[in-house]
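Student: Submitted below is the structure of interest, expressed as structure tokens.
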Protein chains: 2
Amino acid sequence: MAGKRERVRAENTAEILRLARAQVERDGAGNLSLREVARDLGMVSSAIYRYFASRDELLTRLIIDSYDRLGAIVEAADSALSSRDDFRGRWRAMSHSIRNWALESPAEYTLLFGTPVPGYAAPQDTIGPASRYTNVLVGLVLDMEAAGHTASEVVPAALRRDFAALRQRLAVPANDAMLMRGMVAWANLMGAISLELFGHLHNVVDTPGALFDAIVEVQAERLFA
Amino acid sequence: MAGKRERVRAENTAEILRLARAQVERDGAGNLSLREVARDLGMVSSAIYRYFASRDELLTRLIIDSYDRLGAIVEAADSALSSRDDFRGRWRAMSHSIRNWALESPAEYTLLFGTPVPGYAAPQDTIGPASRYTNVLVGLVLDMEAAGHTASEVVPAALRRDFAALRQRLAVPANDAMLMRGMVAWANLMGAISLELFGHLHNVVDTPGALFDAIVEVQAERLFA
DNA sequence: TAAAAGCAAGAGCACTGCTCTCGTTTCGGT
DNA sequence: ACCGAAACGAGAGCAGTGCTCTTGCTTTTA
């Protein structure tokens, strides 16, 4: 029998997620409507609550899935480079993979890196998937250090404890200066993408792609040479 | 008579903006409710439409005001430094003024730099006020160049036209490399603040303030020394 | 086979943005 | 000083939202 009920439940759950994702992609996360999902699915709105306790829970699920996809994309971009010690190349690859993904599915990027939806607070379940893409960046600075690179970034005393905890939690033996380097690169990368995607470059440059390339290149030169 | 109607209109408009701002500050831009504003004001909801054509128009007005306040704050922070050729100091001052403002009124920061509200597209009226805070940064790189500093940032050919247009539009005689430097600093700054404010640092560091200081310092060392 | 659990439907609540109509109040021109 | 026009606030109403509760039906479990 394989459990008819169980099978139908899985199908419906998947279908709800599919429709919700399409809706988010079309109208943005803020406009996700449970009732519309229900209509598209040929159900009544209250039935959705058998599958997701609330709109926020559905959103959370979408967020987790998006983090997972982003993680997979960045991992693939990084590991596609055969020469593991081409650090500049790896930085380029992962940077561009994130931007390309963001441009392809802006609503998804917005879902993760834009305004935390109205009264919504990210639950614990998201932190695992969320760290997948950052782990790729961590891997880069780790490999650099293993290859004998030294970083000269100054790390204030107040940050040393944070970095020590981070080192322990992630089992990452990078030194403070190298971690600092990663943080600067991370902030710069996400800043460049957010400025572009949220429209702050509109009356500034006409070819945001070229600007992004240049920003990545400046960092590659400075941090990953 | 001084126009009773005109006076009342000005008062009501101001009051609507005040209440709406308080609401945004409390519940976030996505939860701004015209009906609640009307209730707080002792009016019926439809009356609000005598003053603002739509919820989006009210939001736009709030956004413009916020850009103006941010602009004033950053300008003040920069011009508070008496030694105009202390570029690192000026960079520090403007960076921290933005972050402090963001921490004091996160909903306001979110309004400007988070997700462009659901189906909302920023109208032209915002681009003037929006460039006020960036002009301070532009002023910094301009002064650096005037003081004889040279930048070594590489600017790809594709960006040269954008930068030429920018130079003309803003009447800013900075060379390409120096403009590039400003862009990197800008992206890094906004990235650092957004990561913190939108919760992406939650399981990363416990003292985001220290991380921010360090990021600013790294850039000060590299770009504004 | 009977009880238990899972399910979809439907009605309903309290909201939302927005529109339209209807009396009233204020303003500008004669 | 008057009178038409314009501006105004109130109120009802429409279409939509998230979410809850009850009611019957179906599948699963014991």
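Letters A, B, ... go to the chains of the structure tokens in the order shown; residues in each chain start at 1; ligands are counted from 1 in the same order.
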Lay chain B over chain A using all C-alpha atoms, matched one to one in order, with a least-squares fit; then write it out as a PDB file with C-alpha atoms, in the first residue's frame.

Tutor:
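The resulting file, result20.pdb, is reproduced below:
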ATOM      1  CA  MET B   1       0.199  -0.052   0.123  1.00  0.00           C
ATOM      2  CA  ALA B   2       3.099   2.316   0.854  1.00  0.00           C
ATOM      3  CA  GLY B   3       0.720   4.593   2.734  1.00  0.00           C
ATOM      4  CA  LYS B   4      -1.609   6.512   0.499  1.00  0.00           C
ATOM      5  CA  ARG B   5      -2.111   9.259   3.065  1.00  0.00           C
ATOM      6  CA  GLU B   6       1.617   9.716   3.461  1.00  0.00           C
ATOM      7  CA  ARG B   7       2.189   9.864  -0.253  1.00  0.00           C
ATOM      8  CA  VAL B   8      -0.545  12.403  -0.855  1.00  0.00           C
ATOM      9  CA  ARG B   9       0.761  14.483   1.982  1.00  0.00           C
ATOM     10  CA  ALA B  10       4.256  14.549   0.518  1.00  0.00           C
ATOM     11  CA  GLU B  11       2.894  15.466  -2.889  1.00  0.00           C
ATOM     12  CA  ASN B  12       0.746  18.266  -1.548  1.00  0.00           C
ATOM     13  CA  THR B  13       3.542  19.662   0.577  1.00  0.00           C
ATOM     14  CA  ALA B  14       5.847  19.719  -2.418  1.00  0.00           C
ATOM     15  CA  GLU B  15       3.180  21.317  -4.560  1.00  0.00           C
ATOM     16  CA  ILE B  16       2.494  24.026  -1.996  1.00  0.00           C
ATOM     17  CA  LEU B  17       6.181  24.837  -1.846  1.00  0.00           C
ATOM     18  CA  ARG B  18       6.429  24.894  -5.608  1.00  0.00           C
ATOM     19  CA  LEU B  19       3.482  27.249  -6.008  1.00  0.00           C
ATOM     20  CA  ALA B  20       4.600  29.446  -3.150  1.00  0.00           C
ATOM     21  CA  ARG B  21       8.085  29.726  -4.604  1.00  0.00           C
ATOM     22  CA  ALA B  22       6.663  30.702  -7.970  1.00  0.00           C
ATOM     23  CA  GLN B  23       4.551  33.323  -6.280  1.00  0.00           C
ATOM     24  CA  VAL B  24       7.475  34.744  -4.342  1.00  0.00           C
ATOM     25  CA  GLU B  25       9.486  34.821  -7.541  1.00  0.00           C
ATOM     26  CA  ARG B  26       6.681  36.702  -9.259  1.00  0.00           C
ATOM     27  CA  ASP B  27       5.464  39.151  -6.628  1.00  0.00           C
ATOM     28  CA  GLY B  28       8.077  39.169  -3.883  1.00  0.00           C
ATOM     29  CA  ALA B  29       8.066  37.567  -0.472  1.00  0.00           C
ATOM     30  CA  GLY B  30       5.853  40.235   1.031  1.00  0.00           C
ATOM     31  CA  ASN B  31       3.050  39.371  -1.348  1.00  0.00           C
ATOM     32  CA  LEU B  32       2.996  35.653  -0.758  1.00  0.00           C
ATOM     33  CA  SER B  33      -0.656  34.738  -0.275  1.00  0.00           C
ATOM     34  CA  LEU B  34      -1.744  31.489   1.297  1.00  0.00           C
ATOM     35  CA  ARG B  35      -5.168  31.888  -0.223  1.00  0.00           C
ATOM     36  CA  GLU B  36      -3.731  32.191  -3.700  1.00  0.00           C
ATOM     37  CA  VAL B  37      -1.569  29.139  -3.175  1.00  0.00           C
ATOM     38  CA  ALA B  38      -4.680  27.297  -2.058  1.00  0.00           C
ATOM     39  CA  ARG B  39      -6.632  28.465  -5.095  1.00  0.00           C
ATOM     40  CA  ASP B  40      -3.856  27.419  -7.466  1.00  0.00           C
ATOM     41  CA  LEU B  41      -3.863  24.050  -5.799  1.00  0.00           C
ATOM     42  CA  GLY B  42      -7.624  23.702  -6.070  1.00  0.00           C
ATOM     43  CA  MET B  43      -8.003  23.675  -2.320  1.00  0.00           C
ATOM     44  CA  VAL B  44      -9.692  25.882   0.179  1.00  0.00           C
ATOM     45  CA  SER B  45      -7.401  28.179   2.136  1.00  0.00           C
ATOM     46  CA  SER B  46      -7.860  26.547   5.491  1.00  0.00           C
ATOM     47  CA  ALA B  47      -6.592  23.255   4.122  1.00  0.00           C
ATOM     48  CA  ILE B  48      -3.128  24.741   3.754  1.00  0.00           C
ATOM     49  CA  TYR B  49      -2.923  24.908   7.513  1.00  0.00           C
ATOM     50  CA  ARG B  50      -2.835  21.119   7.612  1.00  0.00           C
ATOM     51  CA  TYR B  51       0.579  21.413   5.995  1.00  0.00           C
ATOM     52  CA  PHE B  52       2.033  24.636   7.352  1.00  0.00           C
ATOM     53  CA  ALA B  53       1.116  26.160  10.665  1.00  0.00           C
ATOM     54  CA  SER B  54       1.335  29.709   9.366  1.00  0.00           C
ATOM     55  CA  ARG B  55       2.455  31.907   6.548  1.00  0.00           C
ATOM     56  CA  ASP B  56       5.707  32.497   8.395  1.00  0.00           C
ATOM     57  CA  GLU B  57       6.386  28.796   8.630  1.00  0.00           C
ATOM     58  CA  LEU B  58       5.906  28.448   4.906  1.00  0.00           C
ATOM     59  CA  LEU B  59       8.258  31.376   4.362  1.00  0.00           C
ATOM     60  CA  THR B  60      10.816  29.829   6.656  1.00  0.00           C
ATOM     61  CA  ARG B  61      10.712  26.669   4.631  1.00  0.00           C
ATOM     62  CA  LEU B  62      11.252  28.646   1.433  1.00  0.00           C
ATOM     63  CA  ILE B  63      14.157  30.470   3.050  1.00  0.00           C
ATOM     64  CA  ILE B  64      15.811  27.251   4.120  1.00  0.00           C
ATOM     65  CA  ASP B  65      15.444  25.801   0.645  1.00  0.00           C
ATOM     66  CA  SER B  66      16.893  28.952  -0.883  1.00  0.00           C
ATOM     67  CA  TYR B  67      19.902  28.877   1.419  1.00  0.00           C
ATOM     68  CA  ASP B  68      20.445  25.313   0.388  1.00  0.00           C
ATOM     69  CA  ARG B  69      20.322  26.116  -3.290  1.00  0.00           C
ATOM     70  CA  LEU B  70      22.647  29.060  -2.832  1.00  0.00           C
ATOM     71  CA  GLY B  71      25.007  26.858  -0.862  1.00  0.00           C
ATOM     72  CA  ALA B  72      25.030  24.217  -3.566  1.00  0.00           C
ATOM     73  CA  ILE B  73      25.663  26.811  -6.260  1.00  0.00           C
ATOM     74  CA  VAL B  74      28.589  28.425  -4.479  1.00  0.00           C
ATOM     75  CA  GLU B  75      30.091  25.073  -3.582  1.00  0.00           C
ATOM     76  CA  ALA B  76      29.863  24.007  -7.199  1.00  0.00           C
ATOM     77  CA  ALA B  77      31.428  27.225  -8.433  1.00  0.00           C
ATOM     78  CA  ASP B  78      34.331  26.877  -6.061  1.00  0.00           C
ATOM     79  CA  SER B  79      35.025  23.227  -6.624  1.00  0.00           C
ATOM     80  CA  ALA B  80      34.791  23.620 -10.397  1.00  0.00           C
ATOM     81  CA  LEU B  81      38.232  25.220 -10.281  1.00  0.00           C
ATOM     82  CA  SER B  82      40.756  22.474 -10.638  1.00  0.00           C
ATOM     83  CA  SER B  83      43.715  24.387  -9.259  1.00  0.00           C
ATOM     84  CA  ARG B  84      42.914  24.699  -5.583  1.00  0.00           C
ATOM     85  CA  ASP B  85      45.707  27.194  -5.009  1.00  0.00           C
ATOM     86  CA  ASP B  86      44.385  29.716  -7.507  1.00  0.00           C
ATOM     87  CA  PHE B  87      42.864  31.757  -4.716  1.00  0.00           C
ATOM     88  CA  ARG B  88      42.021  34.742  -6.861  1.00  0.00           C
ATOM     89  CA  GLY B  89      40.264  32.483  -9.297  1.00  0.00           C
ATOM     90  CA  ARG B  90      38.295  30.824  -6.549  1.00  0.00           C
ATOM     91  CA  TRP B  91      37.310  34.196  -5.094  1.00  0.00           C
ATOM     92  CA  ARG B  92      36.174  35.342  -8.511  1.00  0.00           C
ATOM     93  CA  ALA B  93      34.242  32.149  -9.086  1.00  0.00           C
ATOM     94  CA  MET B  94      32.334  32.231  -5.824  1.00  0.00           C
ATOM     95  CA  SER B  95      31.647  35.950  -6.014  1.00  0.00           C
ATOM     96  CA  HIS B  96      30.217  35.761  -9.474  1.00  0.00           C
ATOM     97  CA  SER B  97      28.225  32.651  -8.714  1.00  0.00           C
ATOM     98  CA  ILE B  98      26.449  34.494  -5.918  1.00  0.00           C
ATOM     99  CA  ARG B  99      25.759  37.546  -8.026  1.00  0.00           C
ATOM    100  CA  ASN B 100      24.529  35.487 -10.944  1.00  0.00           C
ATOM    101  CA  TRP B 101      22.195  33.569  -8.711  1.00  0.00           C
ATOM    102  CA  ALA B 102      20.939  36.828  -7.248  1.00  0.00           C
ATOM    103  CA  LEU B 103      20.265  38.301 -10.674  1.00  0.00           C
ATOM    104  CA  GLU B 104      18.516  35.163 -11.852  1.00  0.00           C
ATOM    105  CA  SER B 105      16.214  35.002  -8.870  1.00  0.00           C
ATOM    106  CA  PRO B 106      16.138  38.427  -7.237  1.00  0.00           C
ATOM    107  CA  ALA B 107      13.139  37.578  -5.084  1.00  0.00           C
ATOM    108  CA  GLU B 108      15.085  34.691  -3.638  1.00  0.00           C
ATOM    109  CA  TYR B 109      18.062  36.893  -2.878  1.00  0.00           C
ATOM    110  CA  THR B 110      15.721  39.422  -1.336  1.00  0.00           C
ATOM    111  CA  LEU B 111      14.153  36.674   0.726  1.00  0.00           C
ATOM    112  CA  LEU B 112      17.520  35.876   2.273  1.00  0.00           C
ATOM    113  CA  PHE B 113      19.358  39.179   2.361  1.00  0.00           C
ATOM    114  CA  GLY B 114      16.684  41.834   2.289  1.00  0.00           C
ATOM    115  CA  THR B 115      14.427  43.016   5.042  1.00  0.00           C
ATOM    116  CA  PRO B 116      13.521  40.220   7.391  1.00  0.00           C
ATOM    117  CA  VAL B 117       9.818  39.982   6.369  1.00  0.00           C
ATOM    118  CA  PRO B 118       7.540  42.307   8.390  1.00  0.00           C
ATOM    119  CA  GLY B 119       7.292  40.911  11.903  1.00  0.00           C
ATOM    120  CA  TYR B 120       9.235  37.816  11.019  1.00  0.00           C
ATOM    121  CA  ALA B 121      12.157  36.536  13.065  1.00  0.00           C
ATOM    122  CA  ALA B 122      14.369  33.866  11.570  1.00  0.00           C
ATOM    123  CA  PRO B 123      14.056  30.672  13.580  1.00  0.00           C
ATOM    124  CA  GLN B 124      16.973  28.454  14.483  1.00  0.00           C
ATOM    125  CA  ASP B 125      16.342  26.042  11.622  1.00  0.00           C
ATOM    126  CA  THR B 126      17.782  28.508   9.161  1.00  0.00           C
ATOM    127  CA  ILE B 127      21.253  28.886  10.625  1.00  0.00           C
ATOM    128  CA  GLY B 128      22.493  25.542   9.376  1.00  0.00           C
ATOM    129  CA  PRO B 129      21.622  26.067   5.707  1.00  0.00           C
ATOM    130  CA  ALA B 130      22.588  29.726   6.030  1.00  0.00           C
ATOM    131  CA  SER B 131      26.177  28.887   6.814  1.00  0.00           C
ATOM    132  CA  ARG B 132      26.617  26.659   3.812  1.00  0.00           C
ATOM    133  CA  TYR B 133      27.612  29.397   1.391  1.00  0.00           C
ATOM    134  CA  THR B 134      29.795  31.163   3.951  1.00  0.00           C
ATOM    135  CA  ASN B 135      31.629  27.919   4.581  1.00  0.00           C
ATOM    136  CA  VAL B 136      32.937  28.082   1.054  1.00  0.00           C
ATOM    137  CA  LEU B 137      34.489  31.435   1.800  1.00  0.00           C
ATOM    138  CA  VAL B 138      35.877  30.071   5.029  1.00  0.00           C
ATOM    139  CA  GLY B 139      37.392  27.214   3.072  1.00  0.00           C
ATOM    140  CA  LEU B 140      39.161  29.701   0.871  1.00  0.00           C
ATOM    141  CA  VAL B 141      40.899  31.559   3.673  1.00  0.00           C
ATOM    142  CA  LEU B 142      41.720  28.238   5.305  1.00  0.00           C
ATOM    143  CA  ASP B 143      43.414  26.958   2.192  1.00  0.00           C
ATOM    144  CA  MET B 144      45.300  30.212   1.852  1.00  0.00           C
ATOM    145  CA  GLU B 145      46.644  29.904   5.330  1.00  0.00           C
ATOM    146  CA  ALA B 146      47.531  26.281   4.797  1.00  0.00           C
ATOM    147  CA  ALA B 147      49.463  27.334   1.709  1.00  0.00           C
ATOM    148  CA  GLY B 148      51.572  29.607   3.847  1.00  0.00           C
ATOM    149  CA  HIS B 149      49.906  32.930   3.104  1.00  0.00           C
ATOM    150  CA  THR B 150      49.991  35.459   5.879  1.00  0.00           C
ATOM    151  CA  ALA B 151      47.472  38.212   6.448  1.00  0.00           C
ATOM    152  CA  SER B 152      48.420  41.551   7.918  1.00  0.00           C
ATOM    153  CA  GLU B 153      44.941  42.719   8.866  1.00  0.00           C
ATOM    154  CA  VAL B 154      44.816  44.263  12.307  1.00  0.00           C
ATOM    155  CA  VAL B 155      42.351  42.629  14.684  1.00  0.00           C
ATOM    156  CA  PRO B 156      41.256  44.698  17.684  1.00  0.00           C
ATOM    157  CA  ALA B 157      41.288  43.019  21.074  1.00  0.00           C
ATOM    158  CA  ALA B 158      37.494  43.071  21.322  1.00  0.00           C
ATOM    159  CA  LEU B 159      37.224  40.788  18.320  1.00  0.00           C
ATOM    160  CA  ARG B 160      39.761  38.218  19.444  1.00  0.00           C
ATOM    161  CA  ARG B 161      37.297  36.406  21.677  1.00  0.00           C
ATOM    162  CA  ASP B 162      34.703  36.301  18.921  1.00  0.00           C
ATOM    163  CA  PHE B 163      37.228  34.897  16.517  1.00  0.00           C
ATOM    164  CA  ALA B 164      38.434  32.349  19.046  1.00  0.00           C
ATOM    165  CA  ALA B 165      34.869  31.152  19.528  1.00  0.00           C
ATOM    166  CA  LEU B 166      34.346  31.052  15.792  1.00  0.00           C
ATOM    167  CA  ARG B 167      37.517  29.025  15.361  1.00  0.00           C
ATOM    168  CA  GLN B 168      36.270  26.516  17.863  1.00  0.00           C
ATOM    169  CA  ARG B 169      32.714  26.326  16.610  1.00  0.00           C
ATOM    170  CA  LEU B 170      33.670  25.881  12.988  1.00  0.00           C
ATOM    171  CA  ALA B 171      36.783  23.881  13.756  1.00  0.00           C
ATOM    172  CA  VAL B 172      38.580  26.386  11.604  1.00  0.00           C
ATOM    173  CA  PRO B 173      42.257  26.822  12.373  1.00  0.00           C
ATOM    174  CA  ALA B 174      42.601  30.161  10.584  1.00  0.00           C
ATOM    175  CA  ASN B 175      44.360  32.879  12.489  1.00  0.00           C
ATOM    176  CA  ASP B 176      42.750  36.159  13.421  1.00  0.00           C
ATOM    177  CA  ALA B 177      44.165  38.242  10.633  1.00  0.00           C
ATOM    178  CA  MET B 178      43.064  35.735   8.020  1.00  0.00           C
ATOM    179  CA  LEU B 179      39.569  35.561   9.488  1.00  0.00           C
ATOM    180  CA  MET B 180      39.466  39.333   9.435  1.00  0.00           C
ATOM    181  CA  ARG B 181      40.368  39.228   5.775  1.00  0.00           C
ATOM    182  CA  GLY B 182      37.479  36.889   5.116  1.00  0.00           C
ATOM    183  CA  MET B 183      35.068  39.185   6.948  1.00  0.00           C
ATOM    184  CA  VAL B 184      36.119  42.196   4.913  1.00  0.00           C
ATOM    185  CA  ALA B 185      35.718  40.246   1.713  1.00  0.00           C
ATOM    186  CA  TRP B 186      32.312  38.954   2.791  1.00  0.00           C
ATOM    187  CA  ALA B 187      30.967  42.371   3.744  1.00  0.00           C
ATOM    188  CA  ASN B 188      32.257  43.885   0.555  1.00  0.00           C
ATOM    189  CA  LEU B 189      30.780  41.157  -1.604  1.00  0.00           C
ATOM    190  CA  MET B 190      27.324  41.233  -0.066  1.00  0.00           C
ATOM    191  CA  GLY B 191      27.374  45.019  -0.045  1.00  0.00           C
ATOM    192  CA  ALA B 192      28.149  45.191  -3.730  1.00  0.00           C
ATOM    193  CA  ILE B 193      25.344  42.800  -4.618  1.00  0.00           C
ATOM    194  CA  SER B 194      22.807  44.432  -2.313  1.00  0.00           C
ATOM    195  CA  LEU B 195      23.530  47.914  -3.599  1.00  0.00           C
ATOM    196  CA  GLU B 196      22.920  46.720  -7.122  1.00  0.00           C
ATOM    197  CA  LEU B 197      19.891  44.560  -6.448  1.00  0.00           C
ATOM    198  CA  PHE B 198      18.124  47.016  -4.208  1.00  0.00           C
ATOM    199  CA  GLY B 199      18.460  49.781  -6.742  1.00  0.00           C
ATOM    200  CA  HIS B 200      21.043  51.999  -5.116  1.00  0.00           C
ATOM    201  CA  LEU B 201      23.209  51.996  -8.214  1.00  0.00           C
ATOM    202  CA  HIS B 202      20.441  53.255 -10.454  1.00  0.00           C
ATOM    203  CA  ASN B 203      21.657  56.763 -10.998  1.00  0.00           C
ATOM    204  CA  VAL B 204      25.253  55.888 -10.381  1.00  0.00           C
ATOM    205  CA  VAL B 205      26.399  53.454 -13.040  1.00  0.00           C
ATOM    206  CA  ASP B 206      24.718  51.986 -16.084  1.00  0.00           C
ATOM    207  CA  THR B 207      26.764  48.800 -16.161  1.00  0.00           C
ATOM    208  CA  PRO B 208      26.591  47.404 -12.647  1.00  0.00           C
ATOM    209  CA  GLY B 209      28.094  44.175 -13.890  1.00  0.00           C
ATOM    210  CA  ALA B 210      31.310  45.963 -14.780  1.00  0.00           C
ATOM    211  CA  LEU B 211      31.372  47.650 -11.393  1.00  0.00           C
ATOM    212  CA  PHE B 212      30.894  44.327  -9.677  1.00  0.00           C
ATOM    213  CA  ASP B 213      33.711  42.762 -11.674  1.00  0.00           C
ATOM    214  CA  ALA B 214      35.953  45.630 -10.723  1.00  0.00           C
ATOM    215  CA  ILE B 215      35.112  45.411  -7.026  1.00  0.00           C
ATOM    216  CA  VAL B 216      35.783  41.681  -7.021  1.00  0.00           C
ATOM    217  CA  GLU B 217      39.030  42.307  -8.834  1.00  0.00           C
ATOM    218  CA  VAL B 218      40.185  44.950  -6.363  1.00  0.00           C
ATOM    219  CA  GLN B 219      39.577  42.543  -3.509  1.00  0.00           C
ATOM    220  CA  ALA B 220      41.196  39.700  -5.380  1.00  0.00           C
ATOM    221  CA  GLU B 221      44.270  41.844  -5.857  1.00  0.00           C
ATOM    222  CA  ARG B 222      44.369  42.991  -2.252  1.00  0.00           C
ATOM    223  CA  LEU B 223      43.208  39.949  -0.336  1.00  0.00           C
ATOM    224  CA  PHE B 224      43.613  36.848  -2.417  1.00  0.00           C
ATOM    225  CA  ALA B 225      46.736  37.495  -4.467  1.00  0.00           C
TER     226      ALA B 225
END

Student: Compute the set of chain D residues within 9 Å of chain A, using only C-alpha atoms (C1' of nucleotides), and express it as a CSV table (one decimal) with N, CA and C atoms (P, O5', C5', C4', C3', O3' and C1' of nucleotides), in the first residue's frame.

Tutor:
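File written: part_38.csv
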chain,number,residue,atom,x,y,z
D,17,DT,P,-6.0,37.1,-1.4
D,17,DT,O5',-5.6,37.4,0.1
D,17,DT,C5',-4.5,38.3,0.3
D,17,DT,C4',-4.3,38.6,1.8
D,17,DT,C3',-4.3,37.4,2.7
D,17,DT,O3',-2.9,36.9,2.7
D,17,DT,C1',-5.7,39.0,3.7
D,18,DG,P,-2.6,35.4,3.1
D,18,DG,O5',-2.7,35.4,4.7
D,18,DG,C5',-1.8,36.2,5.4
D,18,DG,C4',-2.0,36.1,6.9
D,18,DG,C3',-1.9,34.7,7.4
D,18,DG,O3',-1.3,34.7,8.7
D,18,DG,C1',-4.1,35.4,7.8
D,19,DC,P,-0.9,33.3,9.4
D,19,DC,O5',-2.2,32.9,10.2
D,19,DC,C5',-2.8,33.8,11.1
D,19,DC,C4',-4.1,33.3,11.6
D,19,DC,C3',-4.1,31.8,12.0
D,19,DC,O3',-4.3,31.8,13.4
D,19,DC,C1',-6.1,32.5,10.8
D,20,DT,P,-4.5,30.4,14.1
D,20,DT,O5',-6.0,30.2,14.3
D,20,DT,C5',-6.8,31.3,14.9
D,20,DT,C4',-8.2,30.9,15.2
D,20,DT,C3',-8.4,29.4,15.7
D,20,DT,O3',-9.4,29.5,16.7
D,20,DT,C1',-9.6,29.7,13.7
D,27,DT,P,-10.0,7.0,1.2
D,27,DT,O5',-8.7,6.6,2.1
D,27,DT,C5',-7.8,7.7,2.5
D,27,DT,C4',-7.3,7.4,3.8
D,27,DT,C3',-6.6,6.0,4.0
D,27,DT,O3',-5.2,6.2,4.1
D,27,DT,C1',-7.9,6.6,5.9
D,28,DT,P,-4.1,5.0,4.1
D,28,DT,O5',-3.9,4.8,5.7
D,28,DT,C5',-3.5,5.8,6.5
D,28,DT,C4',-3.6,5.5,7.9
D,28,DT,C3',-2.9,4.2,8.4
D,28,DT,O3',-2.0,4.6,9.4
D,28,DT,C1',-5.1,4.3,9.3

Student: Quick one, how far is C1' of DC21 (chain D) from C1' of DA9 (chain C)?

Tutor: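 Going from C1' of DC21 (chain D) over to C1' of DA9 (chain C) covers 12.1 Å.
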
Student: Enumerate as a compact mmCIF listing (two decimals) with N, CA and C atoms (P, O5', C5', C4', C3', O3' and C1' of nucleotides), in the first residue's frame the residues belonging to chain C that approach chain B to within 8 Å, with only C-alpha atoms (C1' of nucleotides) taken into account.

Tutor:
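Listed below is the output, result29.txt:
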# COMPACT_ATOMS: atom_id res chain seq x y z
P DT C 16 -6.07 47.57 10.16
O5' DT C 16 -5.70 47.34 8.62
C5' DT C 16 -4.53 46.60 8.27
C4' DT C 16 -4.57 46.30 6.79
C3' DT C 16 -4.85 47.51 5.92
O3' DT C 16 -3.65 48.21 5.69
C1' DT C 16 -6.11 45.60 5.19
P DG C 17 -3.67 49.73 5.24
O5' DG C 17 -4.01 49.65 3.69
C5' DG C 17 -3.15 48.97 2.80
C4' DG C 17 -3.71 49.03 1.39
C3' DG C 17 -3.90 50.45 0.88
O3' DG C 17 -3.57 50.49 -0.50
C1' DG C 17 -5.99 49.32 0.94
P DT C 26 -15.11 76.08 8.51
O5' DT C 26 -14.31 76.69 7.28
C5' DT C 26 -13.20 75.97 6.78
C4' DT C 26 -12.93 76.38 5.35
C3' DT C 26 -12.55 77.84 5.14
O3' DT C 26 -11.18 77.88 4.75
C1' DT C 26 -14.02 77.06 3.46

Student: Taking only chain A into account, list the residues labelled helix (DSSP H, G or I) by DSSP (computed from the backbone), as a PyMOL selection string.

Tutor: chain A and resi 4-27+29-31+34-41+45-50+55-79+87-104+106-113+124-146+157-170+176-197+208-223

Student: Give me, please, the distance in Å between C1' of DT25 (chain C) and C1' of DC3 (chain D), quoted to one decimal.

Tutor: 14.1 Å

Student: What is the distance between C1' of DC20 (chain C) and C1' of DG4 (chain D), in Å to one decimal?

Tutor: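 Going from C1' of DC20 (chain C) over to C1' of DG4 (chain D), I get 22.9 Å.
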